[in-house]
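S.K.: Next up, run28.csv (CSV, C-alpha atoms).
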```
chain,number,residue,atom,x,y,z
A,1,MET,CA,143.7,37.9,48.2
A,2,GLU,CA,146.4,36.2,46.1
A,3,LEU,CA,145.9,32.6,45.0
A,4,ASP,CA,149.5,31.9,46.3
A,5,HIS,CA,150.0,29.3,43.5
A,6,GLN,CA,147.9,26.8,45.3
A,7,PRO,CA,145.9,24.2,43.3
A,8,VAL,CA,142.6,25.7,42.3
A,9,THR,CA,139.3,23.8,42.5
A,10,ALA,CA,137.6,23.7,39.1
A,11,LEU,CA,133.8,23.8,38.9
A,12,ILE,CA,132.6,22.7,35.5
A,13,LEU,CA,129.1,23.7,34.6
A,14,ALA,CA,127.4,21.0,32.6
A,15,GLY,CA,123.7,21.5,33.2
A,16,ALA,CA,121.2,21.2,30.3
A,17,ARG,CA,119.1,24.0,28.8
A,18,THR,CA,115.4,23.8,29.2
A,19,GLY,CA,113.7,22.7,26.0
A,20,ARG,CA,115.4,21.1,23.0
A,21,ASP,CA,119.0,22.2,22.5
A,22,PRO,CA,119.9,22.6,18.8
A,23,VAL,CA,123.4,21.2,19.2
A,24,ALA,CA,122.2,18.1,21.1
A,25,GLN,CA,119.5,17.6,18.5
A,26,MET,CA,122.0,17.8,15.6
A,27,ALA,CA,124.4,15.5,17.3
A,28,GLY,CA,121.7,13.0,18.3
A,29,VAL,CA,122.6,13.0,22.1
A,30,SER,CA,120.5,13.6,25.2
A,31,THR,CA,122.4,16.7,26.3
A,32,LYS,CA,124.7,19.1,24.5
A,33,VAL,CA,127.8,18.4,26.4
A,34,LEU,CA,127.8,14.8,25.1
A,35,ALA,CA,128.0,16.0,21.5
A,36,LYS,CA,131.3,14.9,20.0
A,37,VAL,CA,133.9,17.4,18.7
A,38,GLY,CA,137.0,15.9,17.1
A,39,GLY,CA,135.7,12.4,17.9
A,40,GLU,CA,135.3,13.0,21.7
A,41,PRO,CA,132.3,14.4,23.7
A,42,MET,CA,132.9,18.0,24.7
A,43,ILE,CA,132.6,17.2,28.4
A,44,SER,CA,135.4,14.7,28.1
A,45,ARG,CA,137.7,17.2,26.4
A,46,VAL,CA,137.1,19.8,29.1
A,47,LEU,CA,137.7,17.3,32.0
A,48,GLN,CA,140.9,16.0,30.3
A,49,THR,CA,142.1,19.5,29.7
A,50,LEU,CA,141.7,20.4,33.4
A,51,ASP,CA,143.4,17.2,34.4
A,52,GLN,CA,146.4,18.3,32.3
A,53,SER,CA,146.5,21.7,33.8
A,54,ARG,CA,149.4,22.4,36.2
A,55,THR,CA,147.3,24.8,38.3
A,56,VAL,CA,144.0,22.9,38.8
A,57,GLY,CA,143.5,20.5,41.7
A,58,LYS,CA,140.0,19.1,42.3
A,59,ARG,CA,137.6,18.8,39.4
A,60,ILE,CA,133.9,19.1,40.3
A,61,LEU,CA,131.3,18.5,37.7
A,62,CYS,CA,128.0,20.3,38.1
A,63,GLY,CA,125.7,18.3,35.9
A,64,PRO,CA,124.5,16.7,33.7
A,65,SER,CA,121.7,14.9,35.5
A,66,TRP,CA,122.6,11.9,37.6
A,67,GLU,CA,120.7,9.6,35.2
A,68,THR,CA,122.9,10.8,32.3
A,69,VAL,CA,126.0,10.2,34.3
A,70,GLN,CA,125.0,6.7,35.2
A,71,ASP,CA,124.2,6.0,31.5
A,72,ASN,CA,127.7,7.3,30.4
A,73,PRO,CA,130.6,4.9,31.0
A,74,PHE,CA,133.2,7.6,30.8
A,75,LEU,CA,131.6,9.9,33.3
A,76,GLY,CA,130.4,7.1,35.5
A,77,THR,CA,133.9,5.6,35.8
A,78,LEU,CA,135.5,9.0,36.6
A,79,ILE,CA,133.0,9.8,39.3
A,80,GLU,CA,133.0,6.3,40.8
A,81,SER,CA,136.8,6.4,41.0
A,82,GLY,CA,136.8,9.7,42.8
A,83,ALA,CA,138.9,11.4,40.1
A,84,VAL,CA,136.0,13.8,39.5
A,85,GLN,CA,133.2,14.8,42.0
A,86,TRP,CA,129.6,15.3,40.8
A,87,VAL,CA,127.1,17.8,42.2
A,88,GLU,CA,123.6,18.4,41.1
A,89,PRO,CA,122.9,21.3,38.7
A,90,GLN,CA,120.4,24.0,39.5
A,91,GLN,CA,118.1,26.1,37.2
A,92,GLY,CA,120.9,28.0,35.5
A,93,PRO,CA,124.6,28.5,35.8
A,94,SER,CA,124.6,31.3,38.5
A,95,LEU,CA,122.2,29.3,40.8
A,96,SER,CA,124.5,26.2,40.3
A,97,VAL,CA,127.6,28.2,41.4
A,98,ALA,CA,125.7,29.8,44.3
A,99,ARG,CA,124.5,26.4,45.6
A,100,PHE,CA,128.0,24.9,45.3
A,101,LEU,CA,129.6,27.8,47.2
A,102,GLU,CA,126.9,27.6,49.9
A,103,ARG,CA,127.6,23.9,50.4
A,104,HIS,CA,131.4,24.0,49.9
A,105,PRO,CA,132.5,27.3,51.6
A,106,GLN,CA,136.0,26.0,52.1
A,107,GLU,CA,136.8,25.5,48.4
A,108,PHE,CA,138.0,29.1,47.5
A,109,PRO,CA,139.6,29.9,45.2
A,110,VAL,CA,137.3,28.3,42.5
A,111,LEU,CA,137.8,28.3,38.8
A,112,VAL,CA,134.4,28.3,37.0
A,113,THR,CA,134.2,27.1,33.4
A,114,THR,CA,131.7,25.2,31.2
A,115,ALA,CA,131.6,21.8,29.7
A,116,ASP,CA,130.8,23.1,26.2
A,117,HIS,CA,134.2,24.8,26.1
A,118,ALA,CA,135.4,22.3,23.5
A,119,LEU,CA,138.5,24.3,22.4
A,120,LEU,CA,139.8,24.9,26.0
A,121,THR,CA,143.4,23.9,26.5
A,122,ALA,CA,145.6,23.4,29.5
A,123,GLU,CA,147.7,26.3,28.2
A,124,MET,CA,144.7,28.6,28.3
A,125,VAL,CA,143.8,27.6,31.8
A,126,ASP,CA,147.3,27.9,33.2
A,127,TYR,CA,147.8,31.3,31.5
A,128,PHE,CA,144.6,32.6,33.0
A,129,LEU,CA,145.2,31.3,36.5
A,130,HIS,CA,148.9,32.4,36.5
A,131,ALA,CA,147.9,35.9,35.5
A,132,ALA,CA,145.2,35.9,38.2
A,133,GLN,CA,147.7,34.8,40.7
A,134,GLU,CA,149.8,37.9,40.2
A,135,LYS,CA,146.9,40.2,41.1
A,136,GLN,CA,145.1,41.2,44.3
A,137,MET,CA,141.4,40.6,43.6
A,138,ASP,CA,138.2,39.0,44.6
A,139,VAL,CA,137.1,38.0,41.1
A,140,ALA,CA,139.1,37.5,37.9
A,141,VAL,CA,137.3,37.5,34.5
A,142,GLY,CA,138.8,36.0,31.4
A,143,LEU,CA,138.3,38.1,28.2
A,144,VAL,CA,139.5,38.1,24.6
A,145,PRO,CA,139.7,41.2,22.5
A,146,TYR,CA,137.0,40.9,19.8
A,147,SER,CA,139.6,42.1,17.2
A,148,SER,CA,141.6,39.0,17.9
A,149,VAL,CA,138.6,36.7,17.5
A,150,VAL,CA,137.4,38.3,14.2
A,151,ALA,CA,140.9,38.4,12.8
A,152,SER,CA,141.3,34.6,13.2
A,153,TYR,CA,137.7,33.5,12.8
A,154,PRO,CA,135.6,36.1,11.0
A,155,GLN,CA,132.8,33.6,10.5
A,156,SER,CA,132.3,33.2,14.3
A,157,LYS,CA,129.3,35.0,15.7
A,158,ARG,CA,130.1,36.1,19.3
A,159,THR,CA,128.5,38.3,21.9
A,160,VAL,CA,130.6,41.5,22.1
A,161,THR,CA,130.7,44.2,24.7
A,162,ARG,CA,132.0,47.3,22.9
A,163,LEU,CA,134.0,49.6,25.0
A,164,THR,CA,136.7,52.3,24.5
A,165,GLY,CA,139.7,50.6,23.0
A,166,GLY,CA,137.6,47.9,21.2
A,167,GLY,CA,135.1,45.2,22.0
A,168,PHE,CA,135.6,42.2,24.3
A,169,CYS,CA,134.3,38.6,24.3
A,170,GLY,CA,133.8,36.4,27.3
A,171,CYS,CA,135.6,33.2,27.7
A,172,ASN,CA,133.6,31.2,30.2
A,173,LEU,CA,136.6,31.5,32.6
A,174,PHE,CA,136.2,33.0,36.0
A,175,VAL,CA,138.2,32.8,39.3
A,176,LEU,CA,136.3,33.4,42.5
A,177,CYS,CA,139.2,34.1,44.8
A,178,THR,CA,137.6,35.0,48.1
A,179,PRO,CA,134.3,34.5,49.9
A,180,LYS,CA,133.3,38.0,48.9
A,181,ALA,CA,133.0,36.8,45.4
A,182,LYS,CA,129.6,35.4,46.3
A,183,ARG,CA,128.3,38.9,45.6
A,184,MET,CA,129.5,38.6,42.0
A,185,VAL,CA,127.5,35.3,41.7
A,186,GLU,CA,124.4,37.1,42.8
A,187,PHE,CA,125.0,39.8,40.2
A,188,TRP,CA,125.7,37.0,37.6
A,189,SER,CA,122.0,36.0,37.7
A,190,ARG,CA,121.1,39.4,36.3
A,191,VAL,CA,123.8,39.1,33.7
A,192,GLU,CA,122.3,35.8,32.6
A,193,ARG,CA,119.0,37.4,31.9
A,194,GLU,CA,120.5,40.4,30.1
A,195,ARG,CA,123.6,39.0,28.4
A,196,LYS,CA,122.3,39.7,24.9
A,197,HIS,CA,121.5,43.3,25.9
A,198,PRO,CA,124.7,45.2,26.8
A,199,LEU,CA,122.8,48.5,27.4
A,200,ARG,CA,120.7,47.0,30.1
A,201,LEU,CA,123.9,45.6,31.8
A,202,ILE,CA,125.7,48.9,31.6
A,203,ARG,CA,122.7,50.6,33.1
A,204,THR,CA,123.2,48.7,36.3
A,205,LEU,CA,126.5,50.5,36.7
A,206,GLY,CA,124.7,53.9,36.9
A,207,GLY,CA,123.3,56.5,34.7
A,208,LEU,CA,126.7,58.2,34.0
A,209,ALA,CA,128.2,54.9,32.9
A,210,LEU,CA,125.3,54.3,30.5
A,211,VAL,CA,125.8,57.8,29.0
A,212,ARG,CA,129.5,57.2,28.6
A,213,TYR,CA,128.9,53.8,27.1
A,214,ILE,CA,126.5,55.2,24.5
A,215,LEU,CA,129.0,58.0,23.6
A,216,GLY,CA,131.8,55.4,23.3
A,217,TRP,CA,133.7,56.8,26.3
A,218,LEU,CA,133.4,53.9,28.7
A,219,SER,CA,136.5,51.8,29.1
A,220,LEU,CA,136.9,48.3,30.3
A,221,ALA,CA,138.8,49.4,33.4
A,222,GLU,CA,136.1,52.0,34.3
A,223,ALA,CA,133.3,49.4,33.8
A,224,LEU,CA,135.0,46.9,36.1
A,225,ASN,CA,135.9,49.6,38.6
A,226,ARG,CA,132.3,50.8,38.7
A,227,LEU,CA,131.1,47.2,39.1
A,228,GLY,CA,133.5,46.6,41.9
A,229,ARG,CA,132.4,49.7,43.7
A,230,LYS,CA,128.7,48.6,43.3
A,231,LEU,CA,129.4,45.2,44.7
A,232,ASN,CA,132.2,46.2,47.1
A,233,LEU,CA,134.6,43.8,45.3
A,234,HIS,CA,137.9,44.0,43.5
A,235,VAL,CA,137.1,42.7,40.0
A,236,GLN,CA,139.8,42.6,37.3
A,237,GLU,CA,140.1,41.2,33.8
A,238,VAL,CA,142.7,38.9,32.4
A,239,LEU,CA,143.1,39.4,28.7
A,240,LEU,CA,143.9,36.1,27.0
A,241,PRO,CA,146.0,35.9,23.8
A,242,PHE,CA,144.0,32.9,22.5
A,243,PRO,CA,141.0,33.8,20.2
A,244,GLU,CA,139.7,30.2,20.6
A,245,ALA,CA,139.1,30.8,24.3
A,246,ALA,CA,136.1,32.9,23.3
A,247,ILE,CA,134.5,30.2,21.2
A,248,ASP,CA,132.2,27.8,23.1
A,249,VAL,CA,129.7,25.6,21.4
A,250,ASP,CA,126.2,27.2,21.6
A,251,THR,CA,125.0,26.5,18.0
A,252,PRO,CA,125.4,24.0,15.3
A,253,GLU,CA,127.6,26.6,13.5
A,254,ASP,CA,129.9,26.7,16.6
A,255,LEU,CA,130.1,23.0,16.5
A,256,ALA,CA,131.2,23.0,12.9
A,257,LEU,CA,133.8,25.7,13.6
A,258,ALA,CA,135.1,23.8,16.6
A,259,GLU,CA,135.5,20.7,14.5
A,260,ALA,CA,137.5,22.7,11.9
A,261,ILE,CA,139.8,24.2,14.5
A,262,LEU,CA,140.5,20.9,16.1
A,263,ALA,CA,141.2,19.3,12.7
A,264,LYS,CA,143.7,22.1,12.0
A,265,ARG,CA,145.4,21.6,15.4
A,266,GLN,CA,145.8,17.9,14.6
A,267,GLU,CA,147.4,18.8,11.3
A,268,ASP,CA,149.8,21.2,12.9
A,269,MET,CA,150.8,18.5,15.5
```
Output the file's structure as structure tokens, nothing else.
M.R.:
Amino acid sequence: MELDHQPVTALILAGARTGRDPVAQMAGVSTKVLAKVGGEPMISRVLQTLDQSRTVGKRILCGPSWETVQDNPFLGTLIESGAVQWVEPQQGPSLSVARFLERHPQEFPVLVTTADHALLTAEMVDYFLHAAQEKQMDVAVGLVPYSSVVASYPQSKRTVTRLTGGGFCGCNLFVLCTPKAKRMVEFWSRVERERKHPLRLIRTLGGLALVRYILGWLSLAEALNRLGRKLNLHVQEVLLPFPEAAIDVDTPEDLALAEAILAKRQEDM
């Protein structure tokens, strides 16, 4: 199914981790997405970026807690005005997306991103969605070649899936184009548990895929094709030419890097 250049609903995941988050602790805030980067809370940056996008329509914020929203003038005003809708987060990103799709089955296509994507720009979002609009698929996944990330930011520690032709980093950008994409959300719950263990993830694609991965013969196209066959979906990647798209704020080191990158952007402007 093509997106037909229609406005895409954006679902922004902003739920909090269980336990103490090191970024929130360092920034002295109740939840990570309120940590300031470049003088603004991360969650504000992401919402403003999506508002500036030419391809995004509705903005739906999944989290943080309703108590946090009520205590935050910026979020409270946005939601009270109807500019942004709020839905309750579940125990983990995949469950939050699954619950949203269950309660809003008419919203396809849906762009899924995260509120800790402090370096996200409207250019990245529009590039990703325009590229997805040119392809027939059920699910589009945004990726950045690891070589691009390490060339620009060698100090950044990212999770890398190493395949034939190089490694790839996720960007916290997904488009769920059709109702069939719910199957990918179900698979996502397993990815969440195993995201730091690529071998376990590859094993879900079958024994041959695991052998080919270990030998360095598994390509990105083959991996996505096998995943698509497993789930009866058409899954395709969109490679982004923005190394910053692979940098979200998971650690205090990420926060410092994001600050430096935003400072450099400001200088360039």
S.K.: Excluding region 140-151 of chain A and residues on its chain fewer than 3 positions from it, collect all residues at most 6 Å away from it, counting all atoms listed in the file, and give them as a PyMOL selection string.
M.R.: chain A and resi 154+167-171+173-175+235-240+243
S.K.: Using C-alpha atoms, can you export the residues from the last selection as a short mmCIF file (atom, residue, chain, number, x, y, z; two decimals), in the coordinates of the input?
M.R.:
```cif
data_model
loop_
_atom_site.label_atom_id
_atom_site.label_comp_id
_atom_site.auth_asym_id
_atom_site.auth_seq_id
_atom_site.Cartn_x
_atom_site.Cartn_y
_atom_site.Cartn_z
CA PRO A 154 135.60 36.10 11.00
CA GLY A 167 135.10 45.20 22.00
CA PHE A 168 135.60 42.20 24.30
CA CYS A 169 134.30 38.60 24.30
CA GLY A 170 133.80 36.40 27.30
CA CYS A 171 135.60 33.20 27.70
CA LEU A 173 136.60 31.50 32.60
CA PHE A 174 136.20 33.00 36.00
CA VAL A 175 138.20 32.80 39.30
CA VAL A 235 137.10 42.70 40.00
CA GLN A 236 139.80 42.60 37.30
CA GLU A 237 140.10 41.20 33.80
CA VAL A 238 142.70 38.90 32.40
CA LEU A 239 143.10 39.40 28.70
CA LEU A 240 143.90 36.10 27.00
CA PRO A 243 141.00 33.80 20.20
#
```
S.K.: Set the distance at 8 Å and use all atoms listed in the file: which residues neighbour region 72-84 of chain A once local chain neighbours fewer than 5 positions away are removed? I'd like the list as a ChimeraX atom specification.
M.R.: /A:44,58-61
S.K.: Find the distance between CA of Val37 (chain A) and CA of Ala258 (chain A) and write it in Å to one decimal.
M.R.: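 Pair CA of Val37 (chain A) / CA of Ala258 (chain A) returns 6.8 Å.
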S.K.: Name the residues within 10 Å of (147.4, 19.5, 32.0), counting only C-alpha atoms in the file's coordinates, and put them as a ChimeraX atom specification.
M.R.: /A:47-56,121-123,125-126
S.K.: Pick out the residues sitting within 9 Å of Pro93 (chain A), and hand them over as a list in words; count only C-alpha atoms, and ignore anything fewer than 6 positions along from it in its own chain.
M.R.: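 Skipping anything fewer than 6 positions along the chain leaves Leu13, Ala14, Gly15, Trp188, Ser189 and Glu192 of chain A.
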S.K.: Just how far from CA of Ala27 (chain A) is CA of Asp248 (chain A), in Å to one decimal?
M.R.: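 Distance between the two atoms: 15.7 Å.
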S.K.: Quick one: residues within 8 Å of Glu88 (chain A), all atoms listed in the file counted, chain neighbours fewer than 3 positions away excluded, as a PyMOL selection string?
M.R.: chain A and resi 62-66+96
S.K.: In Å, how far is it from CA of Leu227 (chain A) to CA of Tyr127 (chain A)?
M.R.: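 We find that CA of Leu227 (chain A) and CA of Tyr127 (chain A) lie 24.3 Å from each other.
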S.K.: Which one is closest to Lys157 (chain A): A:Asp250, A:Glu186, A:Glu222, A:Glu107? Count only C-alpha atoms.
M.R.: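 Looking at the shortest contact to Lys157 (chain A), the residue is A:Asp250.
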S.K.: Phe100 (chain A): which residues within 10 Å, counting all atoms listed in the file, same-chain residues fewer than 2 positions away excluded, as a list in words?
M.R.: Leu11, Ile60, Cys62, Val87, Glu88, Pro89, Gln90, Ser94, Leu95, Ser96, Val97, Ala98, Glu102, Arg103, His104, Pro105 and Glu107 of chain A
S.K.: Kindly indicate which residue among A:Leu220, A:Ile261, A:Cys177, A:Ala10 lies nearest to Leu111 (chain A), using only C-alpha atoms for the distances.
M.R.: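 Checking each of A:Leu220, A:Ile261, A:Cys177, A:Ala10 against Leu111 (chain A), counting only C-alpha atoms, the winner is A:Ala10.
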S.K.: Got a minute to add N, CA and C atoms to region 30-48 of chain A and dump it as a PDB file, keeping the file's coordinate frame?
M.R.:
```
ATOM      1  N   SER A  30     121.497  13.161  24.219  1.00  0.00           N
ATOM      2  CA  SER A  30     120.500  13.600  25.200  1.00  0.00           C
ATOM      3  C   SER A  30     120.744  14.984  25.719  1.00  0.00           C
ATOM      4  N   THR A  31     122.004  15.384  25.769  1.00  0.00           N
ATOM      5  CA  THR A  31     122.400  16.700  26.300  1.00  0.00           C
ATOM      6  C   THR A  31     123.584  17.228  25.554  1.00  0.00           C
ATOM      7  N   LYS A  32     123.659  18.524  25.380  1.00  0.00           N
ATOM      8  CA  LYS A  32     124.700  19.100  24.500  1.00  0.00           C
ATOM      9  C   LYS A  32     126.082  18.721  24.809  1.00  0.00           C
ATOM     10  N   VAL A  33     126.439  18.640  26.095  1.00  0.00           N
ATOM     11  CA  VAL A  33     127.800  18.400  26.400  1.00  0.00           C
ATOM     12  C   VAL A  33     128.335  17.032  26.031  1.00  0.00           C
ATOM     13  N   LEU A  34     127.409  16.141  25.626  1.00  0.00           N
ATOM     14  CA  LEU A  34     127.800  14.800  25.100  1.00  0.00           C
ATOM     15  C   LEU A  34     128.059  14.829  23.622  1.00  0.00           C
ATOM     16  N   ALA A  35     127.768  15.947  22.953  1.00  0.00           N
ATOM     17  CA  ALA A  35     128.000  16.000  21.500  1.00  0.00           C
ATOM     18  C   ALA A  35     129.528  15.905  21.256  1.00  0.00           C
ATOM     19  N   LYS A  36     129.867  15.143  20.244  1.00  0.00           N
ATOM     20  CA  LYS A  36     131.300  14.900  20.000  1.00  0.00           C
ATOM     21  C   LYS A  36     131.870  16.024  19.112  1.00  0.00           C
ATOM     22  N   VAL A  37     133.095  16.414  19.488  1.00  0.00           N
ATOM     23  CA  VAL A  37     133.900  17.400  18.700  1.00  0.00           C
ATOM     24  C   VAL A  37     135.267  16.758  18.571  1.00  0.00           C
ATOM     25  N   GLY A  38     135.713  16.589  17.336  1.00  0.00           N
ATOM     26  CA  GLY A  38     137.000  15.900  17.100  1.00  0.00           C
ATOM     27  C   GLY A  38     136.987  14.493  17.620  1.00  0.00           C
ATOM     28  N   GLY A  39     135.816  13.853  17.559  1.00  0.00           N
ATOM     29  CA  GLY A  39     135.700  12.400  17.900  1.00  0.00           C
ATOM     30  C   GLY A  39     135.490  12.181  19.405  1.00  0.00           C
ATOM     31  N   GLU A  40     135.455  13.224  20.243  1.00  0.00           N
ATOM     32  CA  GLU A  40     135.300  13.000  21.700  1.00  0.00           C
ATOM     33  C   GLU A  40     134.139  13.947  22.179  1.00  0.00           C
ATOM     34  N   PRO A  41     133.351  13.487  23.154  1.00  0.00           N
ATOM     35  CA  PRO A  41     132.300  14.400  23.700  1.00  0.00           C
ATOM     36  C   PRO A  41     133.000  15.620  24.319  1.00  0.00           C
ATOM     37  N   MET A  42     132.336  16.752  24.159  1.00  0.00           N
ATOM     38  CA  MET A  42     132.900  18.000  24.700  1.00  0.00           C
ATOM     39  C   MET A  42     133.244  17.916  26.146  1.00  0.00           C
ATOM     40  N   ILE A  43     132.376  17.303  26.927  1.00  0.00           N
ATOM     41  CA  ILE A  43     132.600  17.200  28.400  1.00  0.00           C
ATOM     42  C   ILE A  43     133.866  16.447  28.691  1.00  0.00           C
ATOM     43  N   SER A  44     134.166  15.417  27.888  1.00  0.00           N
ATOM     44  CA  SER A  44     135.400  14.700  28.100  1.00  0.00           C
ATOM     45  C   SER A  44     136.623  15.519  27.807  1.00  0.00           C
ATOM     46  N   ARG A  45     136.539  16.312  26.746  1.00  0.00           N
ATOM     47  CA  ARG A  45     137.700  17.200  26.400  1.00  0.00           C
ATOM     48  C   ARG A  45     137.961  18.169  27.528  1.00  0.00           C
ATOM     49  N   VAL A  46     136.916  18.781  28.079  1.00  0.00           N
ATOM     50  CA  VAL A  46     137.100  19.800  29.100  1.00  0.00           C
ATOM     51  C   VAL A  46     137.712  19.116  30.375  1.00  0.00           C
ATOM     52  N   LEU A  47     137.178  17.972  30.776  1.00  0.00           N
ATOM     53  CA  LEU A  47     137.700  17.300  32.000  1.00  0.00           C
ATOM     54  C   LEU A  47     139.149  16.867  31.771  1.00  0.00           C
ATOM     55  N   GLN A  48     139.504  16.385  30.582  1.00  0.00           N
ATOM     56  CA  GLN A  48     140.900  16.000  30.300  1.00  0.00           C
ATOM     57  C   GLN A  48     141.816  17.210  30.312  1.00  0.00           C
TER      58      GLN A  48
END
```
